[in-house]
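Colleague: Structure supplied as target-v8.pdb; contents: PDB, C-alpha atoms.
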ATOM      1  CA  MET A1325       0.000   0.000   0.000
ATOM      2  CA  SER A1326       2.854   2.382   0.732
ATOM      3  CA  GLY A1327       4.133   1.819  -2.816
ATOM      4  CA  PHE A1328       0.796   2.872  -4.298
ATOM      5  CA  LEU A1329       0.580   5.895  -2.000
ATOM      6  CA  GLY A1330       4.190   6.833  -2.769
ATOM      7  CA  ILE A1331       3.684   6.681  -6.530
ATOM      8  CA  SER A1332       0.464   8.708  -6.328
ATOM      9  CA  CYS A1333       2.131  11.375  -4.140
ATOM     10  CA  LEU A1334       5.144  11.549  -6.468
ATOM     11  CA  ALA A1335       2.916  11.865  -9.520
ATOM     12  CA  SER A1336       0.685  14.549  -8.010
ATOM     13  CA  GLY A1337       3.702  16.430  -6.628
ATOM     14  CA  LEU A1338       5.305  16.450 -10.078
ATOM     15  CA  TRP A1339       2.020  17.492 -11.674
ATOM     16  CA  MET A1340       1.684  20.420  -9.230
ATOM     17  CA  LEU A1341       5.278  21.438  -9.949
ATOM     18  CA  LEU A1342       5.252  21.102 -13.741
ATOM     19  CA  PHE A1343       1.677  22.179 -14.527
ATOM     20  CA  PRO A1344       0.522  24.491 -11.706
ATOM     21  CA  ALA A1345      -2.162  26.262 -13.774
ATOM     22  CA  SER A1346      -3.923  23.041 -14.829
ATOM     23  CA  TRP A1347      -3.659  21.732 -11.269
ATOM     24  CA  LYS A1348      -5.338  24.882  -9.923
ATOM     25  CA  VAL A1349      -8.163  24.556 -12.463
ATOM     26  CA  LEU A1350      -8.672  20.901 -11.553
ATOM     27  CA  VAL A1351      -8.755  21.591  -7.825
ATOM     28  CA  LEU A1352     -10.896  24.715  -7.836
ATOM     29  CA  GLU A1353     -13.360  23.866 -10.603
ATOM     30  CA  LYS A1354     -13.643  20.077 -10.642
ATOM     31  CA  ILE A1355     -12.768  18.833  -7.150
ATOM     32  CA  CYS A1356     -13.837  21.741  -4.915
ATOM     33  CA  PRO A1357     -16.506  23.761  -6.734
ATOM     34  CA  GLU A1358     -18.840  26.155  -4.908
ATOM     35  CA  ARG A1359     -21.402  23.400  -4.229
ATOM     36  CA  ARG A1360     -20.101  20.073  -2.992
ATOM     37  CA  PRO A1361     -20.416  17.431  -5.727
ATOM     38  CA  THR A1362     -22.284  14.249  -4.816
ATOM     39  CA  TRP A1363     -19.402  12.037  -5.925
ATOM     40  CA  LEU A1364     -17.146  13.772  -3.380
ATOM     41  CA  VAL A1365     -19.351  12.517  -0.533
ATOM     42  CA  TYR A1366     -18.831   8.926  -1.701
ATOM     43  CA  VAL A1367     -15.094   9.394  -2.163
ATOM     44  CA  ALA A1368     -14.783  10.930   1.322
ATOM     45  CA  GLY A1369     -16.763   8.047   2.827
ATOM     46  CA  ILE A1370     -14.584   5.477   1.069
ATOM     47  CA  GLY A1371     -11.497   7.351   2.255
ATOM     48  CA  ILE A1372     -12.666   7.244   5.862
ATOM     49  CA  VAL A1373     -13.447   3.520   5.652
ATOM     50  CA  TRP A1374     -10.086   2.864   3.990
ATOM     51  CA  SER A1375      -8.303   4.873   6.699
ATOM     52  CA  LEU A1376     -10.049   2.917   9.437
ATOM     53  CA  ALA A1377      -9.157  -0.330   7.644
ATOM     54  CA  THR A1378      -5.470   0.583   7.826
ATOM     55  CA  TRP A1379      -5.805   0.791  11.601
ATOM     56  CA  GLY A1380      -7.244  -2.730  11.545
ATOM     57  CA  MET A1381      -4.314  -3.860   9.403
ATOM     58  CA  TYR A1382      -1.879  -2.267  11.846
ATOM     59  CA  PHE A1383      -3.429  -3.954  14.879
ATOM     60  CA  GLY A1384      -3.594  -7.236  12.955
ATOM     61  CA  ALA A1385       0.081  -7.192  11.952
ATOM     62  CA  PRO A1386       1.959  -4.396  13.724
ATOM     63  CA  SER A1387       5.139  -3.268  12.001
ATOM     64  CA  LEU A1388       6.928  -0.052  11.209
ATOM     65  CA  GLY A1389       5.639  -0.053   7.635
ATOM     66  CA  THR A1390       2.001  -0.464   8.581
ATOM     67  CA  LEU A1391       2.373   2.155  11.324
ATOM     68  CA  VAL A1392       3.725   4.754   8.893
ATOM     69  CA  VAL A1393       1.010   4.039   6.335
ATOM     70  CA  THR A1394      -1.650   4.049   9.057
ATOM     71  CA  LEU A1395      -0.525   7.423  10.389
ATOM     72  CA  PHE A1396      -0.446   8.806   6.844
ATOM     73  CA  MET A1397      -3.939   7.437   6.144
ATOM     74  CA  THR A1398      -5.263   8.933   9.396
ATOM     75  CA  PHE A1399      -5.124  12.308   7.646
ATOM     76  CA  GLY A1400      -7.738  10.815   5.319
ATOM     77  CA  ILE A1401     -10.134  10.608   8.249
ATOM     78  CA  LEU A1402      -9.609  14.300   8.989
ATOM     79  CA  LYS A1403      -9.956  15.331   5.353
ATOM     80  CA  GLY A1404     -12.981  13.094   4.781
ATOM     81  CA  GLY A1405     -14.674  14.454   7.885
ATOM     82  CA  MET A1406     -14.128  18.012   6.731
ATOM     83  CA  ILE A1407     -15.507  17.190   3.278
ATOM     84  CA  LEU A1408     -18.575  15.471   4.710
ATOM     85  CA  PHE A1409     -19.438  17.798   7.584
ATOM     86  CA  ARG A1410     -17.668  21.149   7.031
ATOM     87  CA  TYR A1411     -17.301  21.481   3.266
ATOM     88  CA  GLU A1412     -17.316  25.308   3.285
ATOM     89  CA  TYR A1413     -14.320  25.410   5.643
ATOM     90  CA  PHE A1414     -12.527  22.690   3.678
ATOM     91  CA  ARG A1415     -13.030  24.611   0.427
ATOM     92  CA  ALA A1416     -11.847  27.863   2.026
ATOM     93  CA  PHE A1417      -8.700  26.066   3.221
ATOM     94  CA  VAL A1418      -8.075  24.643  -0.268
ATOM     95  CA  ILE A1419      -8.571  28.062  -1.864
ATOM     96  CA  THR A1420      -6.102  29.555   0.607
ATOM     97  CA  LEU A1421      -3.528  26.926  -0.339
ATOM     98  CA  VAL A1422      -4.058  27.208  -4.079
ATOM     99  CA  ASP A1423      -4.583  30.967  -4.440
ATOM    100  CA  GLY A1424      -2.443  32.050  -1.505
ATOM    101  CA  SER A1425       1.209  32.898  -1.667
ATOM    102  CA  PRO A1426       3.238  31.019  -4.279
ATOM    103  CA  LYS A1427       5.658  30.096  -1.503
ATOM    104  CA  THR A1428       2.941  28.087   0.285
ATOM    105  CA  LEU A1429       2.080  26.178  -2.872
ATOM    106  CA  THR A1430       5.762  25.490  -3.553
ATOM    107  CA  TRP A1431       6.219  24.024  -0.064
ATOM    108  CA  LEU A1432       3.103  21.919  -0.577
ATOM    109  CA  GLN A1433       4.545  20.594  -3.840
ATOM    110  CA  ILE A1434       7.900  19.838  -2.253
ATOM    111  CA  GLY A1435       6.217  18.187   0.723
ATOM    112  CA  TYR A1436       4.089  15.959  -1.480
ATOM    113  CA  PHE A1437       7.108  14.966  -3.553
ATOM    114  CA  VAL A1438       9.226  14.152  -0.470
ATOM    115  CA  LEU A1439       6.354  12.281   1.162
ATOM    116  CA  GLY A1440       5.834  10.252  -1.995
ATOM    117  CA  ALA A1441       9.525   9.437  -2.264
ATOM    118  CA  GLY A1442       9.600   8.405   1.394
ATOM    119  CA  LEU A1443       6.566   6.143   1.076
ATOM    120  CA  LEU A1444       7.944   4.572  -2.081
ATOM    121  CA  LEU A1445      11.293   3.994  -0.398
ATOM    122  CA  LEU A1446       9.512   2.508   2.607
ATOM    123  CA  SER A1447       7.673   0.069   0.368
ATOM    124  CA  LEU A1448      10.928  -0.984  -1.310
ATOM    125  CA  VAL A1449      12.920  -1.339   1.923
ATOM    126  CA  LEU A1450      10.266  -3.119   3.995
ATOM    127  CA  SER A1451       8.866  -5.446   1.330
TER     128      SER A1451
END
Would you kindly transcribe this structure into structure tokens?
Modeller:
Amino acid sequence: MSGFLGISCLASGLWMLLFPASWKVLVLEKICPERRPTWLVYVAGIGIVWSLATWGMYFGAPSLGTLVVTLFMTFGILKGGMILFRYEYFRAFVITLVDGSPKTLTWLQIGYFVLGAGLLLLSLVLS
């Protein structure tokens, strides 16, 4: 699972870095429009269930790899909860990240890229 998460973080981090304008359009118009799309409710629910499942996997077979992935996936519970119950605040936060200072977006891109590389390395080392 950490390999999949690592590759997806690397890919999205590169996309944000290489094509920032198309990434902003995708985020602001397709993923977080003014009114919450119905599909986003289902995706958030699946994300919360998936995050809780990683806790079950950790308690079923505790290891450093599952702990790291579980802690990473726990952010999915927070994000999913915000999408489901406080969408206006979630959207305002996303707009602040995307339209705020370019320095903030650059650090987000770098963070995603480093996180992806770390998760991918974790999957290669611990597999």
Colleague: Could you check how far CA of Ser1447 (chain A) sits from CA of Phe1328 (chain A), in Å to one decimal?
Modeller: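 CA of Phe1328 (chain A) lies at a distance of 8.8 Å from CA of Ser1447 (chain A).
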Colleague: I need the residue nearest Leu1338 (chain A) from this list: A:Phe1396, A:Tyr1436, A:Phe1417, A:Phe1409. Use all atoms listed in the file for the distance.
Modeller: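 Residue with the minimum atom-to-atom distance to Leu1338 (chain A): A:Tyr1436.
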Colleague: Using the chain letters and numbers from the file, give me the residues hit by the PyMOL selection byres ((chain A and resi 1429) around 12), as a PyMOL selection string.
Modeller: chain A and resi 1337+1340-1341+1344-1345+1347-1348+1418-1428+1430-1436
Colleague: Rounded to one decimal in Å, what is the spacing between CA of Ile1372 (chain A) and CA of Phe1399 (chain A)?
Modeller: 9.3 Å
Colleague: With distances taken over all atoms listed in the file, which of A:Cys1333, A:Val1349, A:Leu1391, A:Leu1408 is nearest to Ala1441 (chain A)?
Modeller: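 Distance minimum relative to Ala1441 (chain A) lands on A:Cys1333.
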Colleague: Can you give me, as a ChimeraX atom specification, the residues this file yields under the PyMOL selection byres ((chain A and resi 1406) around 12)?
Modeller: /A:1360,1364-1365,1368-1369,1371-1372,1399-1405,1407-1418
Colleague: For the structure shown, which residues end up in the PyMOL selection byres ((chain A and resi 1384-1388) around 12)? Put them as a list in words, please?
Modeller: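 Those residues are Ser1326, Ala1377, Thr1378, Trp1379, Gly1380, Met1381, Tyr1382, Phe1383, Gly1389, Thr1390, Leu1391, Val1392, Val1393, Thr1394, Leu1395, Leu1443, Leu1446, Ser1447, Val1449, Leu1450 and Ser1451 of chain A.
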Colleague: Could you save those same residues with C-alpha atoms as a compact mmCIF listing (two decimals), in the coordinates of the input?
Modeller:
# COMPACT_ATOMS: atom_id res chain seq x y z
CA SER A 1326 2.85 2.38 0.73
CA ALA A 1377 -9.16 -0.33 7.64
CA THR A 1378 -5.47 0.58 7.83
CA TRP A 1379 -5.80 0.79 11.60
CA GLY A 1380 -7.24 -2.73 11.54
CA MET A 1381 -4.31 -3.86 9.40
CA TYR A 1382 -1.88 -2.27 11.85
CA PHE A 1383 -3.43 -3.95 14.88
CA GLY A 1389 5.64 -0.05 7.64
CA THR A 1390 2.00 -0.46 8.58
CA LEU A 1391 2.37 2.15 11.32
CA VAL A 1392 3.72 4.75 8.89
CA VAL A 1393 1.01 4.04 6.34
CA THR A 1394 -1.65 4.05 9.06
CA LEU A 1395 -0.52 7.42 10.39
CA LEU A 1443 6.57 6.14 1.08
CA LEU A 1446 9.51 2.51 2.61
CA SER A 1447 7.67 0.07 0.37
CA VAL A 1449 12.92 -1.34 1.92
CA LEU A 1450 10.27 -3.12 4.00
CA SER A 1451 8.87 -5.45 1.33
Colleague: Calculate how many Å separate CA of Val1438 (chain A) from CA of Glu1353 (chain A), rounding to one decimal.
Modeller: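 These atoms are spaced 26.6 Å apart.
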Colleague: Restricting the calculation to all atoms listed in the file, which member of A:Leu1334, A:Val1373, A:Val1351, A:Cys1356 is positioned closest to Gly1442 (chain A)?
Modeller: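 For Gly1442 (chain A), the nearest of the given residues is A:Leu1334.
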Colleague: Assuming 4 Å of padding per side, give the centre and edge lengths of the axis-aligned box around every listed atom of region 1402-1421 of chain A, in Å to one decimal and as AutoDock Vina command-line options.
Modeller:
--center_x -11.5 --center_y 21.3 --center_z 3.6 --size_x 23.9 --size_y 24.5 --size_z 18.9
Colleague: Compare A:Ser1346, A:Thr1398, A:Thr1362, A:Ser1332 by their minimum atom-to-atom distance to Trp1374 (chain A), counting only C-alpha atoms, and give me the closest one.
Modeller: A:Thr1398
